[in-house]
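Chemist: This is the structure I want to talk about, given as structure tokens.
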Amino acid sequence: MNKVPQLRVVLLGLVAGLRAVSSIMLLMLLVMFLFSICGNVLFGENDPAHFHRVETGILTLFQVSTLASWAKIFQINYFGCDKYPAGLYVQANSSEVAMIDSELGKFHATVCVSPNPEPVVATCFFFLFQP
């Protein structure tokens with residue numbers, strides 16, 4: 001770094017920027033964690049593919065915050081997994097393991113065991129979480 005002073009300036013600027021952003025990133029992680037716990041409690045039975053565990057909920061909320069297919073996640077929780085399976089769910093009365101064909105290959109489907117549509121709660125939850 002001593003031989004290239006411009007590189008030192010760039011690296012010092014990068015470190016200063018990371019220090020400034022680290023507290024914001026920590027706050028965002030805390031908000032995602034709290035909303036993931038709420039999503040697990042509210043939607044864990046209806047939408048186990050997205051909110052069955054807190055870790056899965058955090059990844060789902062990251063997807064929602066980037067606006068990548070968040071409408072499908074919202075509609076599953078708004079209408080219930082039996083009315084709007086979004087290509088993820090099969091009915092609970094199917095005895096064999098169902099496979100879903102997609103562009104990327106075949107995947108196991110999640111069984112819709114207890115559909116519980118929550119239109120008002122889902123609307124409030126996703127409205128409050130949107131950045």
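Ordering of the structure tokens sets the chain letters (A, B, ...), residue numbers begin anew at 1 in every chain, and ligands are numbered from 1 in the order given.
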Please identify the alpha helix (DSSP H) residues within range 21-72 of chain A (assignment by DSSP from backbone atoms) and present them as a PyMOL selection string.

Modeler: chain A and resi 21-43+48-51+54-65+70-72

Chemist: Between CA of Gln91 in chain A and CA of Cys112 in chain A, measure the distance and give it in Å to one decimal.

Modeler: 5.2 Å

Chemist: Rank nothing, just name the residue among A:Gly105, A:Pro5, A:Met25, A:Phe129 nearest to Leu67 in chain A, using only C-alpha atoms.

Modeler: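 The shortest atom-to-atom distance to Leu67 in chain A comes from A:Phe129.
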
Chemist: Would you kindly return, as a compact mmCIF listing (two decimals) with C-alpha atoms, in the first residue's frame, each protein, DNA or RNA residue with an atom no farther than 9 Å from any atom of Asn116 in chain A, considering only C-alpha atoms and excluding same-chain residues fewer than 6 positions away?

Modeler:
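What landed in out-v2.txt:
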```txt
# COMPACT_ATOMS: atom_id res chain seq x y z
CA PHE A 43 -47.92 -17.51 8.92
CA GLU A 45 -48.74 -23.04 9.59
CA ASN A 46 -50.22 -21.57 6.41
CA ASP A 47 -46.93 -20.93 4.60
CA ASN A 77 -50.71 -15.69 3.09
CA TYR A 78 -53.64 -13.56 1.93
CA PHE A 79 -55.64 -16.36 0.27
CA GLY A 80 -54.19 -19.43 2.00
CA CYS A 81 -51.97 -22.16 0.60
CA ASP A 82 -54.94 -24.19 -0.63
```
